[in-house]
$ cat data-v3.cif   # mmCIF, C-alpha atoms and all ligand atoms
data_structure
loop_
_atom_site.group_PDB
_atom_site.id
_atom_site.type_symbol
_atom_site.label_atom_id
_atom_site.label_comp_id
_atom_site.auth_asym_id
_atom_site.auth_seq_id
_atom_site.Cartn_x
_atom_site.Cartn_y
_atom_site.Cartn_z
ATOM 1 C CA MET A 12 0.000 0.000 0.000
ATOM 2 C CA TYR A 13 1.475 3.381 -0.980
ATOM 3 C CA ASP A 14 2.018 5.745 1.937
ATOM 4 C CA GLU A 15 2.912 9.139 0.471
ATOM 5 C CA GLN A 16 3.716 10.709 3.839
ATOM 6 C CA ALA A 17 6.079 7.893 4.847
ATOM 7 C CA VAL A 18 7.914 8.013 1.515
ATOM 8 C CA LYS A 19 8.214 11.819 1.677
ATOM 9 C CA SER A 20 9.584 11.721 5.195
ATOM 10 C CA GLN A 21 12.093 8.993 4.229
ATOM 11 C CA ILE A 22 13.339 11.095 1.323
ATOM 12 C CA GLU A 23 13.474 14.244 3.490
ATOM 13 C CA GLN A 24 15.596 12.403 6.058
ATOM 14 C CA VAL A 25 18.086 11.313 3.413
ATOM 15 C CA GLU A 26 18.250 14.829 1.988
ATOM 16 C CA LYS A 27 18.738 16.358 5.424
ATOM 17 C CA SER A 28 21.527 13.942 6.224
ATOM 18 C CA LEU A 29 23.211 14.596 2.859
ATOM 19 C CA LYS A 30 23.563 18.273 3.804
ATOM 20 C CA GLN A 31 25.381 17.520 7.050
ATOM 21 C CA THR A 32 28.862 16.190 7.698
ATOM 22 C CA HIS A 33 29.305 13.628 10.443
ATOM 23 C CA TYR A 34 32.849 12.449 10.989
ATOM 24 C CA THR A 35 34.852 11.667 14.073
ATOM 25 C CA PRO A 36 38.541 11.186 13.201
ATOM 26 C CA GLY A 37 39.475 7.536 13.446
ATOM 27 C CA GLU A 38 36.048 6.072 12.719
ATOM 28 C CA LYS A 39 35.526 3.573 9.904
ATOM 29 C CA LEU A 40 34.450 5.149 6.626
ATOM 30 C CA LYS A 41 32.271 3.655 3.897
ATOM 31 C CA VAL A 42 33.112 4.584 0.318
ATOM 32 C CA GLY A 43 30.951 4.308 -2.795
ATOM 33 C CA ILE A 44 32.290 4.952 -6.279
ATOM 34 C CA ASP A 45 29.896 5.623 -9.143
ATOM 35 C CA LEU A 46 31.491 5.218 -12.561
ATOM 36 C CA GLY A 47 28.956 6.923 -14.806
ATOM 37 C CA THR A 48 28.833 7.947 -18.453
ATOM 38 C CA ALA A 49 28.519 11.629 -17.490
ATOM 39 C CA TYR A 50 30.127 11.817 -14.052
ATOM 40 C CA ILE A 51 32.446 9.871 -11.815
ATOM 41 C CA GLY A 52 31.561 10.388 -8.171
ATOM 42 C CA ILE A 53 32.804 9.243 -4.789
ATOM 43 C CA VAL A 54 30.604 9.428 -1.696
ATOM 44 C CA VAL A 55 32.022 8.835 1.782
ATOM 45 C CA LEU A 56 29.709 7.912 4.669
ATOM 46 C CA ASN A 57 30.354 7.150 8.318
ATOM 47 C CA GLU A 58 29.394 3.857 9.953
ATOM 48 C CA GLN A 59 25.853 5.126 10.557
ATOM 49 C CA ASP A 60 25.504 5.933 6.824
ATOM 50 C CA ALA A 61 25.587 9.676 7.467
ATOM 51 C CA PRO A 62 27.460 11.686 4.808
ATOM 52 C CA VAL A 63 31.057 12.697 5.434
ATOM 53 C CA ALA A 64 32.244 14.004 2.062
ATOM 54 C CA SER A 65 31.749 13.634 -1.661
ATOM 55 C CA GLU A 66 33.498 14.535 -4.908
ATOM 56 C CA LEU A 67 32.053 14.550 -8.386
ATOM 57 C CA GLN A 68 33.733 15.141 -11.735
ATOM 58 C CA GLU A 69 32.376 15.283 -15.251
ATOM 59 C CA ALA A 70 33.830 12.378 -17.223
ATOM 60 C CA HIS A 71 33.453 10.860 -20.660
ATOM 61 C CA VAL A 72 35.283 7.605 -20.092
ATOM 62 C CA LEU A 73 32.298 5.252 -20.172
ATOM 63 C CA LYS A 74 29.753 4.493 -22.859
ATOM 64 C CA ASP A 75 26.496 2.677 -22.095
ATOM 65 C CA GLY A 76 27.889 1.678 -18.686
ATOM 66 C CA ILE A 77 31.113 0.238 -20.166
ATOM 67 C CA ILE A 78 34.580 1.739 -19.656
ATOM 68 C CA VAL A 79 35.980 2.923 -22.992
ATOM 69 C CA ASP A 80 38.932 4.887 -21.585
ATOM 70 C CA TYR A 81 40.507 2.869 -18.787
ATOM 71 C CA VAL A 82 43.452 5.215 -18.229
ATOM 72 C CA GLY A 83 41.141 8.242 -18.094
ATOM 73 C CA ALA A 84 38.815 6.522 -15.604
ATOM 74 C CA LEU A 85 41.740 5.516 -13.404
ATOM 75 C CA GLN A 86 43.186 9.019 -13.450
ATOM 76 C CA ILE A 87 39.874 10.592 -12.375
ATOM 77 C CA VAL A 88 39.243 8.070 -9.579
ATOM 78 C CA LYS A 89 42.806 8.624 -8.301
ATOM 79 C CA GLN A 90 42.366 12.407 -8.359
ATOM 80 C CA LEU A 91 39.004 12.343 -6.563
ATOM 81 C CA LYS A 92 40.336 9.868 -3.982
ATOM 82 C CA GLU A 93 43.401 12.043 -3.322
ATOM 83 C CA LYS A 94 41.229 15.150 -2.879
ATOM 84 C CA LEU A 95 39.019 13.364 -0.338
ATOM 85 C CA GLU A 96 41.983 11.850 1.494
ATOM 86 C CA LYS A 97 43.620 15.253 1.776
ATOM 87 C CA ARG A 98 40.406 16.833 3.041
ATOM 88 C CA LEU A 99 39.685 14.094 5.578
ATOM 89 C CA GLY A 100 43.278 13.271 6.569
ATOM 90 C CA VAL A 101 42.753 9.540 5.998
ATOM 91 C CA THR A 102 43.670 6.890 3.440
ATOM 92 C CA LEU A 103 40.621 5.360 1.770
ATOM 93 C CA LEU A 104 41.326 1.641 1.609
ATOM 94 C CA LYS A 105 38.085 0.056 0.399
ATOM 95 C CA ALA A 106 35.214 1.017 -1.872
ATOM 96 C CA SER A 107 32.024 -0.466 -3.239
ATOM 97 C CA ILE A 108 30.902 -0.103 -6.836
ATOM 98 C CA ALA A 109 27.676 -0.748 -8.759
ATOM 99 C CA MET A 110 26.964 -1.917 -12.280
ATOM 100 C CA PRO A 111 24.048 -0.843 -14.491
ATOM 101 C CA PRO A 112 21.737 -3.765 -15.371
ATOM 102 C CA GLY A 113 23.112 -5.801 -18.269
ATOM 103 C CA THR A 114 26.769 -4.761 -17.909
ATOM 104 C CA GLU A 115 27.859 -7.519 -15.538
ATOM 105 C CA SER A 116 30.473 -8.720 -18.055
ATOM 106 C CA SER A 117 32.418 -5.510 -17.373
ATOM 107 C CA ILE A 118 32.750 -6.073 -13.623
ATOM 108 C CA LYS A 119 36.448 -6.945 -13.940
ATOM 109 C CA THR A 120 37.351 -3.718 -15.747
ATOM 110 C CA HIS A 121 35.426 -1.632 -13.187
ATOM 111 C CA SER A 122 37.181 -3.492 -10.369
ATOM 112 C CA HIS A 123 40.612 -2.937 -11.965
ATOM 113 C CA VAL A 124 39.992 0.829 -11.906
ATOM 114 C CA ILE A 125 39.320 0.728 -8.161
ATOM 115 C CA GLU A 126 42.309 -1.530 -7.508
ATOM 116 C CA GLY A 127 44.489 0.652 -9.750
ATOM 117 C CA ALA A 128 43.599 3.549 -7.452
ATOM 118 C CA GLU A 129 44.880 1.425 -4.560
ATOM 119 C CA MET A 130 41.564 0.472 -3.007
ATOM 120 C CA GLU A 131 40.155 -2.953 -2.342
ATOM 121 C CA VAL A 132 36.732 -3.608 -3.894
ATOM 122 C CA SER A 133 34.439 -4.226 -0.956
ATOM 123 C CA HIS A 134 31.095 -4.984 -2.640
ATOM 124 C CA ILE A 135 29.788 -5.008 -6.197
ATOM 125 C CA LEU A 136 26.061 -4.448 -6.491
ATOM 126 C CA ASP A 137 23.617 -3.578 -9.231
ATOM 127 C CA GLU A 138 22.551 0.071 -9.552
ATOM 128 C CA PRO A 139 18.842 -0.475 -8.743
ATOM 129 C CA THR A 140 19.747 -2.206 -5.497
ATOM 130 C CA ALA A 141 22.125 0.657 -4.693
ATOM 131 C CA ALA A 142 19.405 3.255 -5.276
ATOM 132 C CA ASN A 143 16.996 1.251 -3.159
ATOM 133 C CA ASN A 144 19.444 1.204 -0.233
ATOM 134 C CA VAL A 145 18.473 4.879 0.047
ATOM 135 C CA LEU A 146 14.872 4.810 -1.143
ATOM 136 C CA HIS A 147 13.788 1.695 0.838
ATOM 137 C CA ILE A 148 10.872 0.960 -1.431
ATOM 138 C CA SER A 149 9.170 -2.400 -1.478
ATOM 139 C CA GLU A 150 6.733 -1.785 -4.353
ATOM 140 C CA GLY A 151 7.112 0.439 -7.391
ATOM 141 C CA VAL A 152 9.547 1.263 -10.161
ATOM 142 C CA VAL A 153 12.852 3.104 -9.775
ATOM 143 C CA VAL A 154 13.798 5.015 -12.903
ATOM 144 C CA ASP A 155 17.439 6.130 -12.954
ATOM 145 C CA ILE A 156 18.006 8.652 -15.745
ATOM 146 C CA GLY A 157 21.726 9.263 -16.111
ATOM 147 C CA GLY A 158 23.776 10.779 -18.904
ATOM 148 C CA GLY A 159 23.771 8.054 -21.531
ATOM 149 C CA THR A 160 21.377 5.508 -20.119
ATOM 150 C CA THR A 161 18.036 5.132 -18.386
ATOM 151 C CA GLY A 162 17.770 2.150 -16.093
ATOM 152 C CA LEU A 163 14.514 0.965 -14.651
ATOM 153 C CA SER A 164 13.855 -1.600 -11.989
ATOM 154 C CA ILE A 165 10.522 -2.873 -10.796
ATOM 155 C CA PHE A 166 10.340 -3.845 -7.119
ATOM 156 C CA LYS A 167 7.867 -6.296 -5.586
ATOM 157 C CA GLU A 168 8.031 -7.007 -1.855
ATOM 158 C CA GLY A 169 11.432 -5.274 -1.711
ATOM 159 C CA LYS A 170 12.981 -7.449 -4.447
ATOM 160 C CA VAL A 171 13.903 -6.527 -8.015
ATOM 161 C CA VAL A 172 11.624 -8.506 -10.348
ATOM 162 C CA TYR A 173 12.399 -6.787 -13.647
ATOM 163 C CA VAL A 174 15.229 -4.596 -14.958
ATOM 164 C CA ALA A 175 15.817 -2.815 -18.236
ATOM 165 C CA ASP A 176 18.347 -0.365 -19.561
ATOM 166 C CA GLU A 177 17.632 2.011 -22.436
ATOM 167 C CA PRO A 178 20.193 4.091 -24.361
ATOM 168 C CA THR A 179 18.642 7.472 -23.578
ATOM 169 C CA GLY A 180 19.425 10.089 -20.951
ATOM 170 C CA GLY A 181 20.660 13.605 -20.273
ATOM 171 C CA THR A 182 23.057 13.629 -23.231
ATOM 172 C CA HIS A 183 20.039 13.238 -25.479
ATOM 173 C CA LEU A 184 18.411 16.319 -23.886
ATOM 174 C CA THR A 185 21.642 18.302 -24.333
ATOM 175 C CA LEU A 186 21.819 17.431 -28.034
ATOM 176 C CA VAL A 187 18.207 18.491 -28.615
ATOM 177 C CA LEU A 188 18.872 21.752 -26.775
ATOM 178 C CA ALA A 189 22.048 22.390 -28.783
ATOM 179 C CA GLY A 190 20.001 22.044 -31.982
ATOM 180 C CA SER A 191 17.036 24.149 -30.879
ATOM 181 C CA HIS A 192 19.145 26.950 -29.354
ATOM 182 C CA HIS A 193 22.040 26.891 -31.875
ATOM 183 C CA LEU A 194 24.583 26.151 -29.143
ATOM 184 C CA SER A 195 27.646 23.905 -29.053
ATOM 185 C CA VAL A 196 27.187 20.699 -27.050
ATOM 186 C CA GLU A 197 29.283 22.136 -24.192
ATOM 187 C CA GLU A 198 27.239 25.361 -24.158
ATOM 188 C CA ALA A 199 23.980 23.423 -24.247
ATOM 189 C CA GLU A 200 25.130 21.246 -21.334
ATOM 190 C CA SER A 201 25.785 24.266 -19.083
ATOM 191 C CA PHE A 202 22.624 26.025 -20.303
ATOM 192 C CA LYS A 203 20.623 22.914 -19.357
ATOM 193 C CA LYS A 204 22.044 22.756 -15.831
ATOM 194 C CA ASN A 205 21.736 26.468 -15.080
ATOM 195 C CA PRO A 206 18.880 26.888 -12.547
ATOM 196 C CA ILE A 207 17.693 30.109 -14.214
ATOM 197 C CA HIS A 208 16.991 28.337 -17.528
ATOM 198 C CA GLN A 209 15.116 25.359 -16.136
ATOM 199 C CA SER A 210 11.600 26.193 -17.320
ATOM 200 C CA GLU A 211 12.838 27.152 -20.804
ATOM 201 C CA VAL A 212 14.837 23.909 -20.959
ATOM 202 C CA LEU A 213 11.841 21.861 -19.856
ATOM 203 C CA GLY A 214 9.743 23.430 -22.621
ATOM 204 C CA SER A 215 12.372 22.656 -25.279
ATOM 205 C CA VAL A 216 12.977 19.037 -24.290
ATOM 206 C CA LYS A 217 9.462 18.101 -23.142
ATOM 207 C CA ALA A 218 8.901 15.823 -26.149
ATOM 208 C CA VAL A 219 12.093 13.871 -25.351
ATOM 209 C CA ILE A 220 11.048 13.465 -21.706
ATOM 210 C CA GLU A 221 7.604 12.309 -22.856
ATOM 211 C CA LYS A 222 9.360 9.753 -25.060
ATOM 212 C CA MET A 223 11.450 8.552 -22.071
ATOM 213 C CA ALA A 224 8.271 8.306 -19.997
ATOM 214 C CA THR A 225 6.564 6.324 -22.776
ATOM 215 C CA ILE A 226 9.515 3.892 -22.846
ATOM 216 C CA VAL A 227 9.067 3.402 -19.082
ATOM 217 C CA LYS A 228 5.303 3.013 -19.535
ATOM 218 C CA ASN A 229 5.873 0.219 -22.068
ATOM 219 C CA HIS A 230 8.307 -1.608 -19.796
ATOM 220 C CA ILE A 231 5.986 -1.592 -16.792
ATOM 221 C CA LYS A 232 2.982 -2.858 -18.767
ATOM 222 C CA GLY A 233 1.937 -6.141 -17.226
ATOM 223 C CA TYR A 234 3.159 -5.182 -13.737
ATOM 224 C CA THR A 235 1.083 -3.541 -11.035
ATOM 225 C CA VAL A 236 3.031 -0.359 -10.384
ATOM 226 C CA ASP A 237 1.473 2.517 -8.446
ATOM 227 C CA THR A 238 4.517 4.750 -7.945
ATOM 228 C CA ILE A 239 7.498 5.846 -10.043
ATOM 229 C CA TYR A 240 10.617 6.945 -8.136
ATOM 230 C CA LEU A 241 12.960 9.093 -10.220
ATOM 231 C CA CYS A 242 16.707 9.343 -9.603
ATOM 232 C CA GLY A 243 19.855 10.061 -11.632
ATOM 233 C CA GLY A 244 21.314 13.430 -12.577
ATOM 234 C CA THR A 245 18.906 14.139 -15.436
ATOM 235 C CA CYS A 246 16.017 14.184 -12.963
ATOM 236 C CA CYS A 247 17.551 17.338 -11.413
ATOM 237 C CA LEU A 248 15.688 19.157 -14.203
ATOM 238 C CA HIS A 249 12.809 21.017 -12.567
ATOM 239 C CA GLY A 250 9.382 19.734 -13.505
ATOM 240 C CA MET A 251 10.623 16.426 -14.936
ATOM 241 C CA GLU A 252 8.468 14.459 -12.494
ATOM 242 C CA LYS A 253 5.319 16.307 -13.621
ATOM 243 C CA VAL A 254 5.909 15.374 -17.275
ATOM 244 C CA PHE A 255 6.464 11.750 -16.244
ATOM 245 C CA GLU A 256 3.366 11.651 -14.061
ATOM 246 C CA LYS A 257 1.182 13.105 -16.810
ATOM 247 C CA THR A 258 2.566 10.848 -19.564
ATOM 248 C CA VAL A 259 2.568 7.564 -17.660
ATOM 249 C CA GLY A 260 -0.482 8.343 -15.530
ATOM 250 C CA ILE A 261 1.219 7.053 -12.369
ATOM 251 C CA LYS A 262 2.220 9.029 -9.253
ATOM 252 C CA THR A 263 5.845 10.122 -9.671
ATOM 253 C CA ILE A 264 8.168 11.087 -6.835
ATOM 254 C CA LYS A 265 11.669 12.505 -6.962
ATOM 255 C CA PRO A 266 14.036 13.548 -4.187
ATOM 256 C CA SER A 267 15.446 17.068 -4.494
ATOM 257 C CA ASN A 268 18.975 15.709 -5.035
ATOM 258 C CA PRO A 269 18.504 12.758 -7.406
ATOM 259 C CA LEU A 270 22.155 12.901 -8.521
ATOM 260 C CA LEU A 271 23.426 11.520 -5.191
ATOM 261 C CA ILE A 272 20.933 8.717 -4.577
ATOM 262 C CA THR A 273 22.822 5.917 -6.371
ATOM 263 C CA PRO A 274 26.364 6.844 -5.198
ATOM 264 C CA THR A 275 25.095 7.141 -1.612
ATOM 265 C CA GLY A 276 23.415 3.739 -1.875
ATOM 266 C CA ILE A 277 26.662 2.237 -3.221
ATOM 267 C CA ALA A 278 28.619 3.600 -0.236
ATOM 268 C CA MET A 279 26.024 2.168 2.173
ATOM 269 C CA SER A 280 26.993 -1.344 1.087
ATOM 270 C CA CYS A 281 30.738 -0.858 1.760
HETATM 271 P P1 LIG B 1 24.824 6.796 -16.673
HETATM 272 O O1 LIG B 1 23.807 6.491 -15.607
HETATM 273 O O2 LIG B 1 24.257 6.986 -18.033
HETATM 274 O O3 LIG B 1 26.015 5.894 -16.636
HETATM 275 P P2 LIG B 1 25.847 8.878 -14.958
HETATM 276 O O4 LIG B 1 25.810 7.876 -13.827
HETATM 277 O O5 LIG B 1 27.113 9.624 -15.142
HETATM 278 O O6 LIG B 1 25.419 8.224 -16.339
HETATM 279 P P3 LIG B 1 24.238 10.781 -13.587
HETATM 280 O O7 LIG B 1 25.463 11.229 -12.867
HETATM 281 O O8 LIG B 1 23.157 10.166 -12.797
HETATM 282 O O9 LIG B 1 24.651 9.845 -14.790
HETATM 283 O O10 LIG B 1 23.591 11.990 -14.410
HETATM 284 C C1 LIG B 1 24.307 12.680 -15.392
HETATM 285 C C2 LIG B 1 23.368 13.519 -16.225
HETATM 286 O O11 LIG B 1 22.673 14.434 -15.370
HETATM 287 C C3 LIG B 1 24.083 14.379 -17.267
HETATM 288 O O12 LIG B 1 23.466 14.224 -18.528
HETATM 289 C C4 LIG B 1 23.884 15.809 -16.767
HETATM 290 O O13 LIG B 1 23.779 16.731 -17.823
HETATM 291 C C5 LIG B 1 22.579 15.681 -16.022
HETATM 292 N N1 LIG B 1 22.386 16.743 -15.023
HETATM 293 C C6 LIG B 1 23.145 17.011 -13.944
HETATM 294 N N2 LIG B 1 22.669 18.082 -13.290
HETATM 295 C C7 LIG B 1 21.576 18.505 -13.984
HETATM 296 C C8 LIG B 1 20.641 19.579 -13.834
HETATM 297 N N3 LIG B 1 20.732 20.433 -12.823
HETATM 298 N N4 LIG B 1 19.640 19.714 -14.731
HETATM 299 C C9 LIG B 1 19.531 18.848 -15.759
HETATM 300 N N5 LIG B 1 20.375 17.806 -15.961
HETATM 301 C C10 LIG B 1 21.387 17.642 -15.098
#

$ encode --input "data-v3.cif" --output "structure tokens"
Amino acid sequence: MYDEQAVKSQIEQVEKSLKQTHYTPGEKLKVGIDLGTAYIGIVVLNEQDAPVASELQEAHVLKDGIIVDYVGALQIVKQLKEKLEKRLGVTLLKASIAMPPGTESSIKTHSHVIEGAEMEVSHILDEPTAANNVLHISEGVVVDIGGGTTGLSIFKEGKVVYVADEPTGGTHLTLVLAGSHHLSVEEAESFKKNPIHQSEVLGSVKAVIEKMATIVKNHIKGYTVDTIYLCGGTCCLHGMEKVFEKTVGIKTIKPSNPLLITPTGIAMSC
């Protein structure tokens, strides 16, 4: 049974904790590394899963969840790790990672990047499970819209019963915006993320979001789904959830910081 108030308060708690830093020198730290097609991010939590620090860098070293530039990926992970270690005065020894559905054959390459940055791989999980470490949903569909891919996972009684990965995401929105506004891809990317342009951006890319929502609608046909939970950086776009809700006809919820849901969930498993 869907309890809107309970879900909202869960999400608010996570958001509140993400804004605070809880770290007592010497305590064990949990590290999650998200190797994405648009960003590489590291989230550090304390033993109680409260946030300690995070670093995020734009990266183009993966395609469709697969590493295409190993040296580049390694360099970025090393740099982010060093920054965090300097800031916290500790050496990060272990980290967990997550794989998008359908990319399990690349686990070794992902692990080599972590090991190359002198960390032991603690746990390897799938991205939907990572997101659900934060969301704690037992019924519904989690839709993770990243840069190059959109992953969706249907949950029944807390377990993943169906996953799919589609080659669409924020990069697609950027390209449409570049065309409609006569901007370079780089210019369109910053235009898209600028808070002052959000309603104009939403208007220009609404048809693409409707298409993404229709793809989700087709995947969930045949399942009883009463709530869509959005996460992934692309869902930072204001109003995205409204377009989804209208197109699919199912209640759609998104936390105010969807970019950090998956990396935080990865760290929780460390
Ligand atoms: P993938 O899941 O495809 O591997 P990823 O994990 O790198 O990629 P995320 O970090 O979840 O993906 O999201 C990256 C996408 O989020 C990029 O396309 C970026 O442009 C988009 N994005 C980030 N912030 C915003 C914002 N404020 N408004 C709109 N889009 C945003």

$ resolve_selection --input "data-v3.cif" --expression "the PyMOL selection byres (((not hetatm)) within 7 of (chain B and resi 1))" --output "PyMOL selection string"
chain A and resi 45-51+75-76+155-161+180-182+200+203-206+243-248+270

$ atom_distance --input "data-v3.cif" --atom1 "CA of Val152 in chain A" --atom2 "CA of Val254 in chain A"
16.2 Å

$ resolve_selection --input "data-v3.cif" --expression "the PyMOL selection byres (((chain A and resi 131) around 9) and not hetatm)" --output "PyMOL selection string"
chain A and resi 104-107+122+125-126+128-130+132-133

$ residues_around --input "data-v3.cif" --residues "Ile277 in chain A" --least-positions-apart "4" --cutoff "7 Å" --atoms "all atoms listed in the file" --output "list in words"
Gly43, Ile44, Ser107, Ile108, Ala109, Ala141 and Thr273 of chain A

$ atom_distance --input "data-v3.cif" --atom1 "CA of Lys89 in chain A" --atom2 "CA of His71 in chain A"
15.7 Å

$ atom_distance --input "data-v3.cif" --atom1 "CA of Ile220 in chain A" --atom2 "CA of Lys265 in chain A"
14.8 Å

$ residues_around --input "data-v3.cif" --residues "Val42 in chain A" --least-positions-apart "6" --cutoff "6 Å" --atoms "all atoms listed in the file" --output "VMD selection string"
chain A and resid 54 to 55 106 278

$ resolve_selection --input "data-v3.cif" --expression "the PyMOL selection byres (((chain A and resi 114) around 10) and not hetatm)" --output "ChimeraX atom specification"
/A:75-77,110-113,115-118,137,176

$ closest_residue --input "data-v3.cif" --among "A:Val174, A:Leu95, A:Leu67, A:Ile87" --to "Leu40 in chain A" --atoms "only C-alpha atoms"
A:Leu95

$ residues_around --input "data-v3.cif" --residues "Lys167 in chain A" --least-positions-apart "2" --cutoff "6 Å" --atoms "all atoms listed in the file" --output "ChimeraX atom specification"
/A:149-150,169-170

$ residues_around --input "data-v3.cif" --residues "Lys94 in chain A" --least-positions-apart "6" --cutoff "10 Å" --atoms "all atoms listed in the file" --output "NGL selection string"
:A and (65-66 or 88 or 100)

$ residues_near_point --input "data-v3.cif" --point "(34.5, 3.8, 12.8)" --cutoff "7 Å" --atoms "only C-alpha atoms" --output "list in words"
Gly37, Glu38, Lys39, Leu40, Asn57 and Glu58 of chain A

$ closest_residue --input "data-v3.cif" --among "A:His249, A:Val236, A:Val82, A:Val196" --to "Ile148 in chain A" --atoms "all atoms listed in the file"
A:Val236

$ residues_around --input "data-v3.cif" --residues "Phe255 in chain A" --least-positions-apart "2" --cutoff "9 Å" --atoms "only C-alpha atoms" --output "list of chain:residue names"
A:Ile220, A:Glu221, A:Met223, A:Ala224, A:Thr225, A:Ile239, A:Gly250, A:Met251, A:Glu252, A:Lys253, A:Lys257, A:Thr258, A:Val259, A:Gly260, A:Ile261, A:Lys262, A:Thr263
